[in-house]
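Containing mmCIF, C-alpha atoms: start_37.cif.
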```cif
data_my_file
#
loop_
_atom_site.label_atom_id
_atom_site.label_comp_id
_atom_site.auth_asym_id
_atom_site.auth_seq_id
_atom_site.Cartn_x
_atom_site.Cartn_y
_atom_site.Cartn_z
CA MET G 1 129.13 -83.85 4.20
CA THR G 2 129.84 -83.08 0.53
CA LEU G 3 126.50 -84.55 -0.50
CA VAL G 4 124.66 -82.67 2.26
CA ILE G 5 126.16 -79.28 1.42
CA ALA G 6 125.72 -79.87 -2.33
CA ALA G 7 122.02 -80.31 -1.56
CA ALA G 8 122.06 -76.92 0.24
CA GLU G 9 121.81 -78.45 3.72
CA ILE G 10 124.26 -78.73 6.65
CA ASP G 11 125.05 -81.34 9.31
CA LEU G 12 126.61 -80.15 12.57
CA SER G 13 126.14 -83.46 14.38
CA VAL G 14 128.78 -85.58 12.61
CA GLY G 15 131.46 -85.26 15.30
CA SER G 16 129.12 -86.22 18.13
CA VAL G 17 127.61 -89.05 16.09
CA ALA G 18 131.13 -90.40 15.53
CA GLY G 19 131.79 -90.32 19.27
CA LEU G 20 128.51 -92.06 20.12
CA ALA G 21 129.10 -94.68 17.40
CA SER G 22 132.53 -95.45 18.84
CA VAL G 23 131.00 -95.95 22.29
CA VAL G 24 128.05 -98.06 21.07
CA THR G 25 130.37 -100.22 18.96
CA ALA G 26 132.82 -100.76 21.82
CA MET G 27 130.05 -101.68 24.27
CA ALA G 28 128.40 -104.08 21.81
CA LEU G 29 131.75 -105.68 20.99
CA SER G 30 132.46 -106.42 24.65
CA GLN G 31 128.97 -107.82 25.25
CA PHE G 32 128.03 -109.61 22.03
CA GLY G 33 131.07 -110.01 19.79
CA LEU G 34 132.41 -108.78 16.46
CA VAL G 35 129.46 -108.84 14.06
CA PRO G 36 126.87 -107.44 16.52
CA GLY G 37 129.38 -104.72 17.45
CA ILE G 38 129.77 -103.65 13.83
CA LEU G 39 126.02 -103.77 13.22
CA ALA G 40 125.37 -101.73 16.36
CA GLY G 41 127.62 -98.92 15.17
CA LEU G 42 126.02 -98.88 11.72
CA ALA G 43 122.52 -99.03 13.21
CA LEU G 44 123.28 -96.03 15.38
CA GLY G 45 124.26 -94.04 12.30
CA ALA G 46 121.12 -95.16 10.48
CA VAL G 47 118.82 -94.20 13.34
CA VAL G 48 120.35 -90.74 13.77
CA GLY G 49 120.35 -90.22 9.99
CA CYS G 50 116.68 -91.19 9.72
CA VAL G 51 115.72 -88.81 12.53
CA ASN G 52 117.74 -85.95 11.02
CA GLY G 53 116.47 -86.69 7.53
CA ALA G 54 112.82 -86.97 8.55
CA LEU G 55 112.87 -83.71 10.51
CA VAL G 56 114.63 -81.85 7.70
CA ALA G 57 112.82 -83.34 4.70
CA PHE G 58 109.30 -83.92 5.95
CA VAL G 59 108.80 -81.76 9.04
CA ARG G 60 110.67 -78.93 7.26
CA ILE G 61 112.82 -77.89 10.22
CA PRO G 62 116.05 -76.21 9.02
CA SER G 63 118.95 -78.67 8.99
CA PHE G 64 121.09 -76.24 10.99
CA LEU G 65 118.68 -76.39 13.95
CA VAL G 66 118.01 -80.13 13.68
CA THR G 67 121.66 -81.14 13.60
CA LEU G 68 122.67 -78.58 16.23
CA ALA G 69 120.15 -80.20 18.58
CA MET G 70 121.28 -83.69 17.55
CA MET G 71 124.88 -82.73 18.24
CA GLY G 72 123.98 -82.04 21.87
CA ILE G 73 121.76 -85.11 22.20
CA THR G 74 124.29 -87.61 20.85
CA PHE G 75 127.18 -86.08 22.78
CA GLY G 76 125.15 -86.18 25.99
CA ILE G 77 124.04 -89.79 25.46
CA ALA G 78 127.62 -90.92 24.76
CA GLN G 79 128.87 -89.22 27.92
CA TRP G 80 125.95 -90.49 30.00
CA ILE G 81 126.09 -94.19 29.09
CA THR G 82 129.86 -94.36 29.66
CA ASP G 83 130.05 -92.18 32.78
CA SER G 84 132.66 -90.16 30.86
CA ALA G 85 135.02 -93.16 30.91
CA PRO G 86 136.57 -94.87 27.85
CA VAL G 87 135.25 -98.28 26.80
CA PRO G 88 138.22 -100.51 25.89
CA ILE G 89 138.21 -102.69 22.78
CA LEU G 90 140.00 -106.02 23.16
CA ASP G 91 138.82 -107.67 19.91
CA MET G 92 141.94 -107.68 17.73
CA ASN G 93 139.98 -108.74 14.63
CA TYR G 94 137.97 -105.55 14.91
CA VAL G 95 141.09 -103.45 15.51
CA ALA G 96 142.85 -104.99 12.51
CA ASN G 97 139.95 -104.27 10.14
CA PHE G 98 138.79 -100.90 11.48
CA GLY G 99 141.74 -98.57 11.40
CA GLY G 100 144.37 -100.33 13.48
CA GLY G 101 145.82 -102.79 10.96
CA ASN G 102 147.61 -102.86 7.61
CA ILE G 103 146.89 -104.61 4.32
CA GLY G 104 150.41 -105.50 3.27
CA PRO G 105 152.40 -102.28 3.47
CA ILE G 106 149.27 -100.10 3.19
CA PRO G 107 147.57 -98.81 6.38
CA GLY G 108 143.96 -99.91 6.63
CA LEU G 109 142.79 -96.31 7.02
CA ILE G 110 144.14 -95.52 3.54
CA ILE G 111 142.00 -98.33 2.09
CA TRP G 112 138.91 -97.03 3.89
CA MET G 113 139.64 -93.51 2.63
CA LEU G 114 139.98 -94.68 -0.98
CA LEU G 115 136.74 -96.67 -0.78
CA PHE G 116 134.79 -93.63 0.41
CA VAL G 117 136.41 -91.21 -2.05
CA VAL G 118 135.85 -93.46 -5.07
CA GLY G 119 132.33 -94.41 -3.97
CA GLY G 120 131.34 -90.82 -3.24
CA ALA G 121 132.79 -89.54 -6.51
CA LEU G 122 130.89 -92.18 -8.50
CA VAL G 123 127.63 -91.33 -6.74
CA LEU G 124 127.95 -87.58 -7.28
CA LYS G 125 129.28 -87.57 -10.83
CA LYS G 126 128.05 -90.77 -12.49
CA MET G 127 124.74 -91.72 -10.89
CA ARG G 128 121.28 -90.23 -11.28
CA PHE G 129 121.07 -89.69 -7.51
CA GLY G 130 124.14 -87.44 -7.71
CA ARG G 131 122.51 -85.29 -10.38
CA GLN G 132 119.37 -85.10 -8.26
CA ILE G 133 121.44 -83.86 -5.30
CA LEU G 134 123.01 -81.08 -7.37
CA ALA G 135 119.65 -80.13 -8.91
CA THR G 136 118.03 -79.98 -5.46
CA GLY G 137 120.80 -77.74 -4.14
CA ALA G 138 120.81 -75.46 -7.19
CA ASN G 139 117.05 -74.89 -7.54
CA PRO G 140 114.65 -77.08 -5.54
CA VAL G 141 111.55 -75.63 -7.24
CA ALA G 142 112.87 -76.43 -10.71
CA ALA G 143 113.97 -79.85 -9.47
CA GLU G 144 110.43 -80.58 -8.24
CA TYR G 145 108.94 -79.53 -11.59
CA SER G 146 111.37 -81.86 -13.37
CA GLY G 147 110.08 -84.82 -11.35
CA ILE G 148 112.68 -85.02 -8.57
CA SER G 149 111.37 -85.69 -5.06
CA THR G 150 113.56 -83.16 -3.28
CA SER G 151 112.28 -84.28 0.13
CA TRP G 152 113.58 -87.80 -0.42
CA VAL G 153 116.86 -86.44 -1.75
CA ARG G 154 117.32 -84.42 1.45
CA PHE G 155 116.34 -87.40 3.58
CA ARG G 156 118.85 -89.66 1.87
CA VAL G 157 121.79 -87.25 2.04
CA MET G 158 121.21 -86.71 5.77
CA LEU G 159 121.05 -90.48 6.25
CA ILE G 160 124.25 -91.05 4.24
CA CYS G 161 126.07 -88.33 6.19
CA SER G 162 125.16 -89.84 9.57
CA MET G 163 126.13 -93.31 8.38
CA GLY G 164 129.48 -91.94 7.24
CA ALA G 165 129.97 -90.26 10.61
CA ALA G 166 129.19 -93.56 12.36
CA VAL G 167 131.81 -95.36 10.27
CA ALA G 168 134.29 -92.61 11.15
CA GLY G 169 133.54 -93.23 14.83
CA MET G 170 134.06 -96.95 14.34
CA LEU G 171 137.42 -96.23 12.75
CA TYR G 172 138.34 -93.99 15.68
CA ALA G 173 137.45 -96.87 17.98
CA GLY G 174 139.55 -99.35 16.03
CA ARG G 175 142.53 -97.05 15.69
CA LEU G 176 142.53 -95.98 19.35
CA MET G 177 141.28 -99.34 20.68
CA SER G 178 138.49 -97.77 22.68
CA GLY G 179 135.17 -96.00 22.42
CA ARG G 180 134.98 -92.56 23.95
CA PHE G 181 132.49 -89.72 23.78
CA GLN G 182 135.26 -87.24 22.87
CA TRP G 183 136.22 -89.04 19.68
CA GLY G 184 135.13 -86.85 16.80
CA ALA G 185 134.56 -83.74 18.92
CA GLY G 186 134.96 -80.72 16.67
CA ASP G 187 135.19 -82.79 13.49
CA GLU G 188 132.18 -80.99 12.04
CA MET G 189 134.36 -77.88 11.64
CA ASN G 190 137.08 -79.82 9.83
CA ALA G 191 134.55 -81.58 7.62
CA ILE G 192 132.74 -78.40 6.60
CA ALA G 193 136.04 -76.59 5.97
CA ALA G 194 137.34 -79.49 3.84
CA VAL G 195 134.15 -79.54 1.77
CA ILE G 196 134.19 -75.78 1.15
CA LEU G 197 137.93 -75.70 0.42
CA GLY G 198 137.33 -78.54 -2.04
CA GLY G 199 135.04 -76.39 -4.16
CA THR G 200 131.57 -77.40 -3.00
CA ALA G 201 129.23 -74.40 -2.94
CA LEU G 202 127.82 -73.67 0.52
CA ALA G 203 124.60 -72.54 -1.17
CA GLY G 204 124.30 -75.91 -2.92
CA GLY G 205 124.19 -76.96 -6.55
CA ARG G 206 127.92 -77.64 -6.97
CA GLY G 207 130.07 -80.28 -5.33
CA SER G 208 133.12 -82.49 -5.76
CA VAL G 209 134.10 -85.46 -3.59
CA VAL G 210 137.60 -85.46 -5.09
CA GLY G 211 137.83 -81.75 -4.26
CA THR G 212 136.79 -82.55 -0.69
CA PHE G 213 139.56 -85.16 -0.53
CA PHE G 214 142.15 -82.51 -1.36
CA GLY G 215 140.43 -80.08 1.01
CA ALA G 216 140.77 -82.67 3.78
CA LEU G 217 144.47 -83.10 2.97
CA LEU G 218 144.90 -79.34 3.18
CA MET G 219 143.09 -79.19 6.54
CA ALA G 220 145.24 -82.05 7.87
CA THR G 221 148.38 -80.21 6.75
CA ILE G 222 147.17 -77.03 8.45
CA ASN G 223 146.36 -78.95 11.65
CA TYR G 224 149.81 -80.53 11.77
CA GLY G 225 151.37 -77.14 11.06
CA LEU G 226 149.48 -75.59 13.97
CA ILE G 227 150.66 -78.38 16.27
CA LEU G 228 154.27 -77.98 15.13
CA ALA G 229 153.94 -74.23 15.68
CA GLY G 230 153.24 -74.97 19.34
CA LEU G 231 149.67 -73.61 19.41
CA ASP G 232 147.36 -75.05 22.05
CA THR G 233 143.93 -76.52 21.29
CA SER G 234 142.02 -73.28 21.81
CA GLN G 235 144.32 -71.37 19.45
CA GLN G 236 144.00 -74.12 16.84
CA GLN G 237 140.20 -73.83 17.01
CA ILE G 238 140.46 -70.08 16.40
CA ILE G 239 142.65 -70.57 13.33
CA ARG G 240 140.33 -73.26 11.93
CA GLY G 241 137.35 -70.95 12.43
CA ILE G 242 139.12 -68.15 10.56
CA ILE G 243 139.93 -70.57 7.73
CA ILE G 244 136.25 -71.51 7.40
CA ILE G 245 135.22 -67.83 7.28
CA LEU G 246 137.82 -67.06 4.61
CA ALA G 247 136.85 -70.14 2.57
CA VAL G 248 133.16 -69.21 2.64
CA ALA G 249 133.97 -65.57 1.73
CA LEU G 250 136.09 -66.66 -1.23
CA ALA G 251 133.45 -69.15 -2.37
CA ARG G 252 130.74 -66.46 -2.30
CA LYS G 253 133.01 -64.10 -4.22
CA ASP G 254 133.41 -66.72 -6.95
#
```
Can you give me the file's structure in the form of structure tokens?
Amino acid sequence: MTLVIAAAEIDLSVGSVAGLASVVTAMALSQFGLVPGILAGLALGAVVGCVNGALVAFVRIPSFLVTLAMMGITFGIAQWITDSAPVPILDMNYVANFGGGNIGPIPGLIIWMLLFVVGGALVLKKMRFGRQILATGANPVAAEYSGISTSWVRFRVMLICSMGAAVAGMLYAGRLMSGRFQWGAGDEMNAIAAVILGGTALAGGRGSVVGTFFGALLMATINYGLILAGLDTSQQQIIRGIIIILAVALARKD
């Protein structure tokens, strides 16, 4: 999401993609085994990312509309193919490696988090592709004149975002030992809020994966605080929405 917003785009489908990936992975695991199950989840993310990226980059449909539609499509497919029922995961090797196990004293989810934070930070700050993302978000016309194919930059960031969402869904599945269409529901709000709170400009051209990491920690702290305060799910959604509005307002003021 950091890469997408830094390129001045948005992806509202990440939560639903995570849910569908959890379902597809769980179904493939039960039918074909460990490796095909993992590949199925990743392939789902790649397919959705390619569709989103192609429509945004080459058909020139605004990413807000594309991913809003994709959010409904993926959520509906996940609910349809499972009949709204959870798909259990009985493969303990998968569970151990995707969110449910530990590496020594360290939870596996911490290792996954560190891999994505370090990898994302290196891409955005140290690689040419990262500079192209920031240039595309800051001024796409100037980026084109400097030789950057902004269409391919947009395509790739949408693809990466959907792949990341699919991995998140696979981690949900491993941690909770089942695939379910609800996994990831509403995560797009948390992801966008974390990115904005981490200092990435909603208008594009500025971004920080490390900042997003701290923004995610802040959002997690807020979520736990809301639960401890005894607020129900609907009230928590209201508070999170207000936080996003305030974060965007402060970012625009800066």
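Going from atom CA of Ala46 of chain G over to atom CA of Gly199 of chain G, you cover 27.6 Å.
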Please return as a list in words every residue within 10 Å of (124.2, -93.0, 22.5), taking into account only C-alpha atoms and the file's own coordinates.
Ser16, Val17, Gly19, Leu20, Ala21, Ser22, Val23, Val24, Leu44, Val48, Ile73, Thr74, Phe75, Gly76, Ile77, Ala78, Gln79, Trp80, Ile81, Thr82 and Phe181 of chain G
With distances taken over all atoms listed in the file, which residue among G:Gly230, G:Gly137, G:Gly15, G:Gly164 lies nearest Ala201 of chain G?
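Result for the nearest residue to Ala201 of chain G: G:Gly137.
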Taking all atoms of segment 201-209 of chain G that the file lists and extending 8 Å past them on each side, where is the centre of the axis-aligned box and how long are its edges? Answer in Å to one decimal, as AutoDock Vina command-line options.
```
--center_x 129.1 --center_y -79.0 --center_z -3.2 --size_x 25.9 --size_y 28.9 --size_z 23.5
```
I need the residue nearest Leu124 of chain G from this list: G:Ala193, G:Leu90, G:Val209, G:Met163. Use only C-alpha atoms for the distance.
G:Val209
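If you apply the PyMOL selection byres ((chain G and resi 237-241) around 9) to this structure, you end up with Gly186, Met189, Asn190, Ala193, Met219, Ile222, Asn223, Leu226, Asp232, Thr233, Ser234, Gln235, Gln236, Ile242, Ile243, Ile244, Ile245 and Leu246 of chain G.
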Distance cut-off 10 Å, centre (117.3, -85.9, 14.9) in file coordinates, counting all atoms listed in the file: which residues qualify? Return them as a PyMOL selection string.
chain G and resi 13+47-56+63+65-71+73-74+158
On this structure, which residues satisfy the PyMOL selection byres ((chain G and resi 99-102) around 9), written as a count of residues only?
23
Let me know the residues the PyMOL selection byres ((chain G and resi 210) around 8) catches in the file above, as number ranges by chain.
G: 117, 121, 198, 208-209, 211-214
Using all atoms listed in the file, can you tell me which of G:Ala85, G:Gln132, G:Phe64, G:Phe32 comes closest to Glu144 of chain G?
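Among G:Ala85, G:Gln132, G:Phe64, G:Phe32, it is G:Gln132 that comes nearest to Glu144 of chain G.
Interatomic distance, atom CA of Asn93 of chain G to atom CA of Gln182 of chain G: 23.5 Å.
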Could you tell me which of G:Leu250, G:Ile10, G:Met27, G:Ala194 comes closest to Asp91 of chain G if we count only C-alpha atoms?
G:Met27
So which one's closest to Thr150 of chain G, G:Ala138, G:Ala28, G:Leu197, G:Leu217? Using all atoms listed in the file, please.
G:Ala138
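In this comparison, which uses all atoms listed in the file, the residue of G:Met113, G:Ala135, G:Leu39, G:Gly215 approaching Thr2 of chain G most closely is G:Gly215.
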Just give me the gap between atom CA of Ile111 of chain G and atom CA of Ala166 of chain G in Å, one decimal is fine.
17.1 Å
Compile the contact shell of Pro88 of chain G as a list in words: residues with an atom at most 7 Å away, counting all atoms listed in the file, same-chain residues fewer than 3 positions apart removed.
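Near Pro88 of chain G, the qualifying residues are Ala26, Met177, Ser178 and Gly179 of chain G.
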Env of Gly204 of chain G: 7 Å cut, atoms = only C-alpha atoms, seq-sep filter 4 positions within chain, self excluded. Answer as a list in words.
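My reading of the contact set: Ile5, Ala6, Ala7, Ala8, Leu134, Gly137 and Ala138 of chain G.
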